[in-house]
Amino acid sequence: MHRTSQFLHQCHQTRVANRANKPCDVFINHRGIDTKRTVATLLYDHLYRLNLHPFLDSKNMKPGDKLFDNINGAIRKCKVGVAVFSPRYCESYFCLHELALMMESRKKVIPIFCDIKPSQLRAVDNGKCAMEDIRRFNWALEEAKYTVGLTFDSLKGNWSDVVTSASDNVIKTLIEMEGEKKMQRRKTPPILHV
């Protein structure tokens, strides 16, 4: 528990110092029509209160921002992604594009299967996307299907429990990543200038 509070304190100090230009710690990928008013915003608010820097389109973007520039930049700079899968997730080009970019960028992605089973995820060719995009999206969905995630049934479950569990997983992942970076720095020999 001490490592967690130490890590969160460090995140707060960094967030205060770099509030304007710090890359996000976690990118929240979701289908707005299904989850923006529930798990996506609750998770964003919870992570923010823990002094992390989450990215959620409705919270981090303002009128006039270039959609793809901001979202793609946030994904490339984030440390970890959370993909909130829902019944209409695969109908959204944006959701699938974001997921594919996270997978292509080799981000660790924590899936939350909200009212949907992993086996139900597939991108369908409705004639609006290039076949290359469909292949890319289905590859990313396959990667997500075989990643251990959280499952949530909104009719039976408690929103607070899924948000807390997702936050705990994000924090654990960030702590592990920080530890790996420190180990890498120790292994890298200093450069000697002659």
# chains A, B, ... in the order shown; residues from 1 in each chain; ligands from 1
$ residues_around --residues "A:Ala83" --least-positions-apart "4" --cutoff "9 Å" --atoms "only C-alpha atoms" --output "PyMOL selection string"
chain A and resi 27-30+95+99+109-113+144
$ write_last_selection --atoms "N, CA and C atoms" --output "short mmCIF file (atom, residue, chain, number, x, y, z; two decimals), in the first residue's frame"
data_model
loop_
_atom_site.label_atom_id
_atom_site.label_comp_id
_atom_site.auth_asym_id
_atom_site.auth_seq_id
_atom_site.Cartn_x
_atom_site.Cartn_y
_atom_site.Cartn_z
N PHE A 27 -5.46 6.42 -21.48
CA PHE A 27 -6.42 6.82 -22.52
C PHE A 27 -7.66 5.94 -22.35
N ILE A 28 -8.82 6.57 -22.22
CA ILE A 28 -10.08 5.83 -22.05
C ILE A 28 -10.81 5.78 -23.39
N ASN A 29 -10.83 4.59 -23.98
CA ASN A 29 -11.47 4.32 -25.26
C ASN A 29 -12.86 3.76 -24.96
N HIS A 30 -13.90 4.37 -25.53
CA HIS A 30 -15.27 3.96 -25.20
C HIS A 30 -16.23 4.39 -26.29
N CYS A 95 -14.04 4.34 -32.31
CA CYS A 95 -13.67 3.36 -31.27
C CYS A 95 -12.68 2.35 -31.82
N LEU A 99 -8.74 1.79 -30.76
CA LEU A 99 -8.28 0.48 -30.28
C LEU A 99 -7.13 -0.03 -31.14
N VAL A 109 -3.32 -2.60 -22.78
CA VAL A 109 -4.74 -2.24 -22.82
C VAL A 109 -5.48 -3.10 -21.81
N ILE A 110 -6.23 -2.45 -20.95
CA ILE A 110 -7.07 -3.12 -19.96
C ILE A 110 -8.50 -3.09 -20.49
N PRO A 111 -9.03 -4.25 -20.90
CA PRO A 111 -10.40 -4.26 -21.42
C PRO A 111 -11.45 -4.32 -20.30
N ILE A 112 -12.55 -3.62 -20.52
CA ILE A 112 -13.73 -3.73 -19.66
C ILE A 112 -14.86 -4.15 -20.61
N PHE A 113 -15.38 -5.34 -20.40
CA PHE A 113 -16.47 -5.85 -21.22
C PHE A 113 -17.78 -5.52 -20.51
N ALA A 144 -7.67 -7.84 -28.18
CA ALA A 144 -8.40 -7.46 -26.96
C ALA A 144 -9.16 -8.65 -26.38
#
$ select_by_dssp --residues "stretch 96-157 of chain A" --states "alpha helix (DSSP H)" --output "JSON, numbers by chain"
{"A": [96, 97, 98, 99, 100, 101, 102, 103, 104, 131, 132, 133, 134, 135, 136, 137, 138, 139, 140, 141, 142, 143, 144, 145]}
$ write_last_selection --atoms "C-alpha atoms" --output "PDB file, in the first residue's frame"
ATOM      1  CA  LEU A  96     -12.138   0.783 -33.580  1.00  0.00           C
ATOM      2  CA  HIS A  97      -9.524   3.217 -34.875  1.00  0.00           C
ATOM      3  CA  GLU A  98      -8.488   4.145 -31.319  1.00  0.00           C
ATOM      4  CA  LEU A  99      -8.277   0.484 -30.275  1.00  0.00           C
ATOM      5  CA  ALA A 100      -6.224  -0.427 -33.356  1.00  0.00           C
ATOM      6  CA  LEU A 101      -3.844   2.486 -32.736  1.00  0.00           C
ATOM      7  CA  MET A 102      -3.374   1.448 -29.086  1.00  0.00           C
ATOM      8  CA  MET A 103      -2.613  -2.130 -30.156  1.00  0.00           C
ATOM      9  CA  GLU A 104      -0.310  -1.045 -32.995  1.00  0.00           C
ATOM     10  CA  MET A 131     -11.044  -3.536 -46.288  1.00  0.00           C
ATOM     11  CA  GLU A 132      -7.624  -2.719 -44.836  1.00  0.00           C
ATOM     12  CA  ASP A 133      -9.341  -0.867 -41.972  1.00  0.00           C
ATOM     13  CA  ILE A 134     -11.707  -3.808 -41.376  1.00  0.00           C
ATOM     14  CA  ARG A 135      -8.724  -6.206 -41.205  1.00  0.00           C
ATOM     15  CA  ARG A 136      -6.881  -3.808 -38.852  1.00  0.00           C
ATOM     16  CA  PHE A 137      -9.925  -3.425 -36.601  1.00  0.00           C
ATOM     17  CA  ASN A 138     -10.601  -7.168 -36.423  1.00  0.00           C
ATOM     18  CA  TRP A 139      -6.935  -7.814 -35.589  1.00  0.00           C
ATOM     19  CA  ALA A 140      -7.145  -5.281 -32.727  1.00  0.00           C
ATOM     20  CA  LEU A 141     -10.419  -6.817 -31.500  1.00  0.00           C
ATOM     21  CA  GLU A 142      -8.828 -10.295 -31.531  1.00  0.00           C
ATOM     22  CA  GLU A 143      -5.928  -8.952 -29.458  1.00  0.00           C
ATOM     23  CA  ALA A 144      -8.401  -7.465 -26.965  1.00  0.00           C
ATOM     24  CA  LYS A 145     -10.514 -10.643 -26.809  1.00  0.00           C
TER      25      LYS A 145
END
$ select_by_dssp --residues "chain A" --states "strand (DSSP E)" --output "list in words"
Val26, Phe27, Ile28, Asn29, His30, Pro54, Phe55, Val80, Gly81, Val82, Ala83, Val84, Phe85, Lys108, Val109, Ile110, Pro111, Ile112, Phe113, Cys114, Leu150, Thr151 and Phe152 of chain A
$ write_last_selection --atoms "N, CA and C atoms" --output "PDB file, in the first residue's frame"
ATOM      1  N   VAL A  26      -3.387   7.601 -18.901  1.00  0.00           N
ATOM      2  CA  VAL A  26      -4.310   6.558 -19.364  1.00  0.00           C
ATOM      3  C   VAL A  26      -5.307   7.133 -20.366  1.00  0.00           C
ATOM      4  N   PHE A  27      -5.456   6.424 -21.481  1.00  0.00           N
ATOM      5  CA  PHE A  27      -6.416   6.817 -22.517  1.00  0.00           C
ATOM      6  C   PHE A  27      -7.655   5.941 -22.345  1.00  0.00           C
ATOM      7  N   ILE A  28      -8.823   6.568 -22.223  1.00  0.00           N
ATOM      8  CA  ILE A  28     -10.078   5.828 -22.049  1.00  0.00           C
ATOM      9  C   ILE A  28     -10.808   5.776 -23.389  1.00  0.00           C
ATOM     10  N   ASN A  29     -10.828   4.594 -23.976  1.00  0.00           N
ATOM     11  CA  ASN A  29     -11.468   4.317 -25.262  1.00  0.00           C
ATOM     12  C   ASN A  29     -12.858   3.759 -24.960  1.00  0.00           C
ATOM     13  N   HIS A  30     -13.903   4.366 -25.530  1.00  0.00           N
ATOM     14  CA  HIS A  30     -15.266   3.961 -25.199  1.00  0.00           C
ATOM     15  C   HIS A  30     -16.233   4.394 -26.285  1.00  0.00           C
ATOM     16  N   PRO A  54      -5.854  11.213 -16.840  1.00  0.00           N
ATOM     17  CA  PRO A  54      -6.568  10.409 -17.838  1.00  0.00           C
ATOM     18  C   PRO A  54      -6.981  11.262 -19.038  1.00  0.00           C
ATOM     19  N   PHE A  55      -7.223  10.604 -20.167  1.00  0.00           N
ATOM     20  CA  PHE A  55      -7.743  11.287 -21.356  1.00  0.00           C
ATOM     21  C   PHE A  55      -9.111  10.713 -21.684  1.00  0.00           C
ATOM     22  N   VAL A  80      -0.912   3.772 -20.738  1.00  0.00           N
ATOM     23  CA  VAL A  80      -1.786   2.595 -20.723  1.00  0.00           C
ATOM     24  C   VAL A  80      -3.153   2.992 -21.275  1.00  0.00           C
ATOM     25  N   GLY A  81      -3.858   2.021 -21.842  1.00  0.00           N
ATOM     26  CA  GLY A  81      -5.195   2.270 -22.351  1.00  0.00           C
ATOM     27  C   GLY A  81      -6.227   1.437 -21.628  1.00  0.00           C
ATOM     28  N   VAL A  82      -7.433   1.965 -21.541  1.00  0.00           N
ATOM     29  CA  VAL A  82      -8.578   1.215 -21.042  1.00  0.00           C
ATOM     30  C   VAL A  82      -9.585   1.224 -22.186  1.00  0.00           C
ATOM     31  N   ALA A  83      -9.984   0.034 -22.629  1.00  0.00           N
ATOM     32  CA  ALA A  83     -10.989  -0.080 -23.684  1.00  0.00           C
ATOM     33  C   ALA A  83     -12.287  -0.560 -23.046  1.00  0.00           C
ATOM     34  N   VAL A  84     -13.306   0.287 -23.096  1.00  0.00           N
ATOM     35  CA  VAL A  84     -14.608  -0.061 -22.529  1.00  0.00           C
ATOM     36  C   VAL A  84     -15.482  -0.568 -23.676  1.00  0.00           C
ATOM     37  N   PHE A  85     -15.587  -1.898 -23.788  1.00  0.00           N
ATOM     38  CA  PHE A  85     -16.391  -2.503 -24.845  1.00  0.00           C
ATOM     39  C   PHE A  85     -17.852  -2.547 -24.411  1.00  0.00           C
ATOM     40  N   LYS A 108      -0.226  -1.239 -23.303  1.00  0.00           N
ATOM     41  CA  LYS A 108      -0.950  -2.220 -22.502  1.00  0.00           C
ATOM     42  C   LYS A 108      -2.384  -1.725 -22.453  1.00  0.00           C
ATOM     43  N   VAL A 109      -3.324  -2.599 -22.785  1.00  0.00           N
ATOM     44  CA  VAL A 109      -4.736  -2.237 -22.820  1.00  0.00           C
ATOM     45  C   VAL A 109      -5.481  -3.103 -21.807  1.00  0.00           C
ATOM     46  N   ILE A 110      -6.234  -2.446 -20.946  1.00  0.00           N
ATOM     47  CA  ILE A 110      -7.067  -3.124 -19.959  1.00  0.00           C
ATOM     48  C   ILE A 110      -8.500  -3.086 -20.486  1.00  0.00           C
ATOM     49  N   PRO A 111      -9.028  -4.248 -20.901  1.00  0.00           N
ATOM     50  CA  PRO A 111     -10.400  -4.263 -21.415  1.00  0.00           C
ATOM     51  C   PRO A 111     -11.447  -4.318 -20.296  1.00  0.00           C
ATOM     52  N   ILE A 112     -12.548  -3.615 -20.516  1.00  0.00           N
ATOM     53  CA  ILE A 112     -13.726  -3.735 -19.662  1.00  0.00           C
ATOM     54  C   ILE A 112     -14.860  -4.149 -20.607  1.00  0.00           C
ATOM     55  N   PHE A 113     -15.382  -5.339 -20.398  1.00  0.00           N
ATOM     56  CA  PHE A 113     -16.472  -5.849 -21.223  1.00  0.00           C
ATOM     57  C   PHE A 113     -17.781  -5.525 -20.513  1.00  0.00           C
ATOM     58  N   CYS A 114     -18.403  -4.436 -20.950  1.00  0.00           N
ATOM     59  CA  CYS A 114     -19.598  -3.896 -20.295  1.00  0.00           C
ATOM     60  C   CYS A 114     -20.843  -4.297 -21.093  1.00  0.00           C
ATOM     61  N   LEU A 150     -11.895  -7.009 -17.386  1.00  0.00           N
ATOM     62  CA  LEU A 150     -12.976  -6.977 -16.398  1.00  0.00           C
ATOM     63  C   LEU A 150     -14.292  -7.164 -17.133  1.00  0.00           C
ATOM     64  N   THR A 151     -15.224  -7.862 -16.506  1.00  0.00           N
ATOM     65  CA  THR A 151     -16.555  -7.985 -17.097  1.00  0.00           C
ATOM     66  C   THR A 151     -17.544  -7.285 -16.182  1.00  0.00           C
ATOM     67  N   PHE A 152     -18.545  -6.692 -16.806  1.00  0.00           N
ATOM     68  CA  PHE A 152     -19.522  -5.942 -16.025  1.00  0.00           C
ATOM     69  C   PHE A 152     -20.898  -6.070 -16.657  1.00  0.00           C
TER      70      PHE A 152
END
$ residues_around --residues "stretch 35-47 of chain A" --least-positions-apart "2" --cutoff "9 Å" --atoms "only C-alpha atoms" --output "short mmCIF file (atom, residue, chain, number, x, y, z; two decimals) with all heavy atoms, in the first residue's frame"
data_model
loop_
_atom_site.label_atom_id
_atom_site.label_comp_id
_atom_site.auth_asym_id
_atom_site.auth_seq_id
_atom_site.Cartn_x
_atom_site.Cartn_y
_atom_site.Cartn_z
N VAL A 26 -3.39 7.60 -18.90
CA VAL A 26 -4.31 6.56 -19.36
C VAL A 26 -5.31 7.13 -20.37
O VAL A 26 -5.89 8.19 -20.14
CB VAL A 26 -5.02 5.87 -18.18
CG1 VAL A 26 -5.76 6.86 -17.32
CG2 VAL A 26 -5.94 4.77 -18.63
N ILE A 28 -8.82 6.57 -22.22
CA ILE A 28 -10.08 5.83 -22.05
C ILE A 28 -10.81 5.78 -23.39
O ILE A 28 -11.31 6.79 -23.88
CB ILE A 28 -10.96 6.47 -20.96
CG1 ILE A 28 -10.20 6.54 -19.62
CG2 ILE A 28 -12.27 5.67 -20.81
CD1 ILE A 28 -10.90 7.35 -18.55
N ASN A 29 -10.83 4.59 -23.98
CA ASN A 29 -11.47 4.32 -25.26
C ASN A 29 -12.86 3.76 -24.96
O ASN A 29 -12.98 2.80 -24.20
CB ASN A 29 -10.57 3.32 -26.02
CG ASN A 29 -11.25 2.62 -27.17
OD1 ASN A 29 -11.56 1.43 -27.07
ND2 ASN A 29 -11.48 3.31 -28.25
N HIS A 30 -13.90 4.37 -25.53
CA HIS A 30 -15.27 3.96 -25.20
C HIS A 30 -16.23 4.39 -26.29
O HIS A 30 -15.90 5.23 -27.12
CB HIS A 30 -15.70 4.63 -23.89
CG HIS A 30 -15.86 6.11 -24.05
ND1 HIS A 30 -14.78 6.95 -24.28
CD2 HIS A 30 -16.97 6.89 -24.09
CE1 HIS A 30 -15.23 8.19 -24.43
NE2 HIS A 30 -16.54 8.18 -24.31
N ARG A 31 -17.41 3.82 -26.27
CA ARG A 31 -18.49 4.22 -27.18
C ARG A 31 -19.38 5.16 -26.40
O ARG A 31 -20.10 4.75 -25.49
CB ARG A 31 -19.26 2.97 -27.64
CG ARG A 31 -20.44 3.26 -28.53
CD ARG A 31 -20.00 3.67 -29.93
NE ARG A 31 -21.09 3.47 -30.87
CZ ARG A 31 -21.53 4.42 -31.68
NH1 ARG A 31 -20.96 5.62 -31.67
NH2 ARG A 31 -22.50 4.18 -32.51
N GLY A 32 -19.34 6.44 -26.74
CA GLY A 32 -20.03 7.46 -25.98
C GLY A 32 -21.50 7.18 -25.74
O GLY A 32 -22.00 7.35 -24.63
N ILE A 33 -22.20 6.75 -26.78
CA ILE A 33 -23.65 6.53 -26.65
C ILE A 33 -23.97 5.46 -25.60
O ILE A 33 -25.01 5.49 -24.98
CB ILE A 33 -24.25 6.17 -28.03
CG1 ILE A 33 -25.76 6.36 -28.02
CG2 ILE A 33 -23.85 4.78 -28.48
CD1 ILE A 33 -26.37 6.34 -29.40
N ARG A 49 -9.12 12.17 -9.61
CA ARG A 49 -9.05 12.41 -8.16
C ARG A 49 -7.85 11.70 -7.52
O ARG A 49 -7.39 12.11 -6.46
CB ARG A 49 -10.35 11.99 -7.48
CG ARG A 49 -11.45 13.01 -7.62
CD ARG A 49 -12.63 12.74 -6.72
NE ARG A 49 -13.23 11.44 -6.90
CZ ARG A 49 -14.15 11.14 -7.82
NH1 ARG A 49 -14.56 12.07 -8.65
NH2 ARG A 49 -14.65 9.93 -7.89
N LEU A 50 -7.36 10.66 -8.18
CA LEU A 50 -6.17 9.96 -7.69
C LEU A 50 -4.88 10.62 -8.19
O LEU A 50 -3.80 10.06 -8.07
CB LEU A 50 -6.21 8.49 -8.12
CG LEU A 50 -7.27 7.64 -7.45
CD1 LEU A 50 -7.33 6.26 -8.09
CD2 LEU A 50 -7.01 7.53 -5.95
N ASN A 51 -5.01 11.81 -8.78
CA ASN A 51 -3.89 12.60 -9.29
C ASN A 51 -3.23 12.01 -10.53
O ASN A 51 -2.08 12.31 -10.82
CB ASN A 51 -2.83 12.83 -8.19
CG ASN A 51 -3.38 13.67 -7.08
OD1 ASN A 51 -4.08 14.64 -7.33
ND2 ASN A 51 -3.12 13.27 -5.86
N LEU A 52 -3.98 11.19 -11.26
CA LEU A 52 -3.48 10.70 -12.54
C LEU A 52 -3.99 11.65 -13.62
O LEU A 52 -4.82 12.51 -13.37
CB LEU A 52 -3.95 9.27 -12.78
CG LEU A 52 -3.41 8.25 -11.78
CD1 LEU A 52 -4.03 6.88 -12.02
CD2 LEU A 52 -1.89 8.16 -11.86
N HIS A 53 -3.48 11.47 -14.82
CA HIS A 53 -3.87 12.33 -15.93
C HIS A 53 -4.54 11.47 -17.00
O HIS A 53 -3.90 11.04 -17.95
CB HIS A 53 -2.62 13.03 -16.47
CG HIS A 53 -2.91 14.08 -17.48
ND1 HIS A 53 -1.94 14.79 -18.11
CD2 HIS A 53 -4.07 14.56 -18.00
CE1 HIS A 53 -2.47 15.63 -18.96
NE2 HIS A 53 -3.77 15.50 -18.89
N PRO A 54 -5.85 11.21 -16.84
CA PRO A 54 -6.57 10.41 -17.84
C PRO A 54 -6.98 11.26 -19.04
O PRO A 54 -7.07 12.49 -18.94
CB PRO A 54 -7.80 9.93 -17.07
CG PRO A 54 -8.03 11.00 -16.05
CD PRO A 54 -6.68 11.57 -15.70
N PHE A 55 -7.22 10.60 -20.17
CA PHE A 55 -7.74 11.29 -21.36
C PHE A 55 -9.11 10.71 -21.68
O PHE A 55 -9.26 9.51 -21.86
CB PHE A 55 -6.82 11.10 -22.56
CG PHE A 55 -7.28 11.86 -23.78
CD1 PHE A 55 -6.75 13.10 -24.07
CD2 PHE A 55 -8.25 11.33 -24.62
CE1 PHE A 55 -7.21 13.82 -25.19
CE2 PHE A 55 -8.70 12.03 -25.74
CZ PHE A 55 -8.17 13.28 -26.02
N LEU A 56 -10.09 11.58 -21.74
CA LEU A 56 -11.44 11.24 -22.18
C LEU A 56 -11.85 12.37 -23.10
O LEU A 56 -11.78 13.55 -22.72
CB LEU A 56 -12.39 11.13 -20.98
CG LEU A 56 -13.82 10.70 -21.27
CD1 LEU A 56 -13.87 9.27 -21.79
CD2 LEU A 56 -14.68 10.83 -20.02
N SER A 58 -14.46 13.92 -24.14
CA SER A 58 -15.37 14.98 -23.69
C SER A 58 -14.77 15.85 -22.58
O SER A 58 -15.24 16.96 -22.35
CB SER A 58 -16.69 14.38 -23.20
OG SER A 58 -16.46 13.52 -22.10
N LYS A 59 -13.75 15.38 -21.91
CA LYS A 59 -13.13 16.13 -20.81
C LYS A 59 -11.86 16.86 -21.26
O LYS A 59 -11.51 17.89 -20.69
CB LYS A 59 -12.76 15.20 -19.65
CG LYS A 59 -13.94 14.49 -19.02
CD LYS A 59 -14.66 15.40 -18.06
CE LYS A 59 -15.67 14.62 -17.24
NZ LYS A 59 -16.18 15.39 -16.14
N VAL A 84 -13.31 0.29 -23.10
CA VAL A 84 -14.61 -0.06 -22.53
C VAL A 84 -15.48 -0.57 -23.68
O VAL A 84 -16.01 0.21 -24.46
CB VAL A 84 -15.28 1.15 -21.84
CG1 VAL A 84 -16.60 0.74 -21.20
CG2 VAL A 84 -14.35 1.77 -20.80
N PHE A 85 -15.59 -1.90 -23.79
CA PHE A 85 -16.39 -2.50 -24.84
C PHE A 85 -17.85 -2.55 -24.41
O PHE A 85 -18.15 -2.85 -23.26
CB PHE A 85 -15.89 -3.92 -25.15
CG PHE A 85 -14.50 -3.94 -25.69
CD1 PHE A 85 -13.44 -4.35 -24.90
CD2 PHE A 85 -14.24 -3.52 -26.99
CE1 PHE A 85 -12.14 -4.35 -25.39
CE2 PHE A 85 -12.94 -3.52 -27.50
CZ PHE A 85 -11.89 -3.93 -26.69
N SER A 86 -18.74 -2.26 -25.34
CA SER A 86 -20.18 -2.20 -25.05
C SER A 86 -20.93 -2.68 -26.30
O SER A 86 -20.32 -2.87 -27.36
CB SER A 86 -20.56 -0.76 -24.69
OG SER A 86 -20.20 0.13 -25.74
N CYS A 114 -18.40 -4.44 -20.95
CA CYS A 114 -19.60 -3.90 -20.29
C CYS A 114 -20.84 -4.30 -21.09
O CYS A 114 -21.06 -3.79 -22.20
CB CYS A 114 -19.46 -2.38 -20.22
SG CYS A 114 -20.74 -1.57 -19.29
N TRP A 159 -21.53 0.01 -10.25
CA TRP A 159 -20.62 0.87 -11.02
C TRP A 159 -19.36 1.19 -10.21
O TRP A 159 -18.26 1.22 -10.74
CB TRP A 159 -21.31 2.17 -11.42
CG TRP A 159 -22.35 1.98 -12.48
CD1 TRP A 159 -23.70 2.10 -12.34
CD2 TRP A 159 -22.12 1.60 -13.84
NE1 TRP A 159 -24.33 1.83 -13.54
CE2 TRP A 159 -23.38 1.52 -14.48
CE3 TRP A 159 -20.98 1.32 -14.59
CZ2 TRP A 159 -23.53 1.19 -15.82
CZ3 TRP A 159 -21.14 0.98 -15.93
CH2 TRP A 159 -22.39 0.91 -16.52
N SER A 160 -19.52 1.44 -8.94
CA SER A 160 -18.38 1.77 -8.10
C SER A 160 -17.35 0.64 -8.07
O SER A 160 -16.14 0.89 -8.11
CB SER A 160 -18.87 2.07 -6.68
OG SER A 160 -17.78 2.37 -5.84
N VAL A 162 -16.73 -1.70 -10.43
CA VAL A 162 -15.99 -1.83 -11.69
C VAL A 162 -15.02 -0.67 -11.87
O VAL A 162 -13.89 -0.85 -12.35
CB VAL A 162 -16.93 -2.01 -12.91
CG1 VAL A 162 -17.62 -0.72 -13.31
CG2 VAL A 162 -16.15 -2.57 -14.09
N VAL A 163 -15.42 0.54 -11.47
CA VAL A 163 -14.52 1.70 -11.58
C VAL A 163 -13.32 1.53 -10.65
O VAL A 163 -12.18 1.79 -11.04
CB VAL A 163 -15.30 3.01 -11.29
CG1 VAL A 163 -14.35 4.18 -11.06
CG2 VAL A 163 -16.26 3.31 -12.43
N THR A 164 -13.57 1.08 -9.43
CA THR A 164 -12.47 0.87 -8.47
C THR A 164 -11.53 -0.22 -8.98
O THR A 164 -10.30 -0.07 -8.93
CB THR A 164 -13.03 0.50 -7.08
OG1 THR A 164 -13.84 1.58 -6.63
CG2 THR A 164 -11.91 0.25 -6.08
N ALA A 166 -11.04 -1.22 -12.11
CA ALA A 166 -10.31 -0.71 -13.28
C ALA A 166 -9.20 0.25 -12.84
O ALA A 166 -8.07 0.17 -13.33
CB ALA A 166 -11.27 -0.01 -14.24
N SER A 167 -9.51 1.14 -11.91
CA SER A 167 -8.51 2.09 -11.40
C SER A 167 -7.35 1.36 -10.73
O SER A 167 -6.18 1.71 -10.95
CB SER A 167 -9.14 3.05 -10.38
OG SER A 167 -10.12 3.83 -10.99
N VAL A 170 -5.18 -0.05 -13.42
CA VAL A 170 -4.40 1.01 -14.07
C VAL A 170 -3.21 1.39 -13.19
O VAL A 170 -2.07 1.48 -13.66
CB VAL A 170 -5.28 2.25 -14.37
CG1 VAL A 170 -4.43 3.47 -14.71
CG2 VAL A 170 -6.26 1.95 -15.50
N ILE A 171 -3.46 1.62 -11.90
CA ILE A 171 -2.39 2.01 -10.98
C ILE A 171 -1.33 0.93 -10.89
O ILE A 171 -0.12 1.21 -10.97
CB ILE A 171 -2.96 2.35 -9.59
CG1 ILE A 171 -3.79 3.63 -9.66
CG2 ILE A 171 -1.85 2.49 -8.55
CD1 ILE A 171 -4.65 3.88 -8.46
#
$ atom_distance --atom1 "atom CA of A:Glu178" --atom2 "atom CA of A:Lys107"
14.3 Å
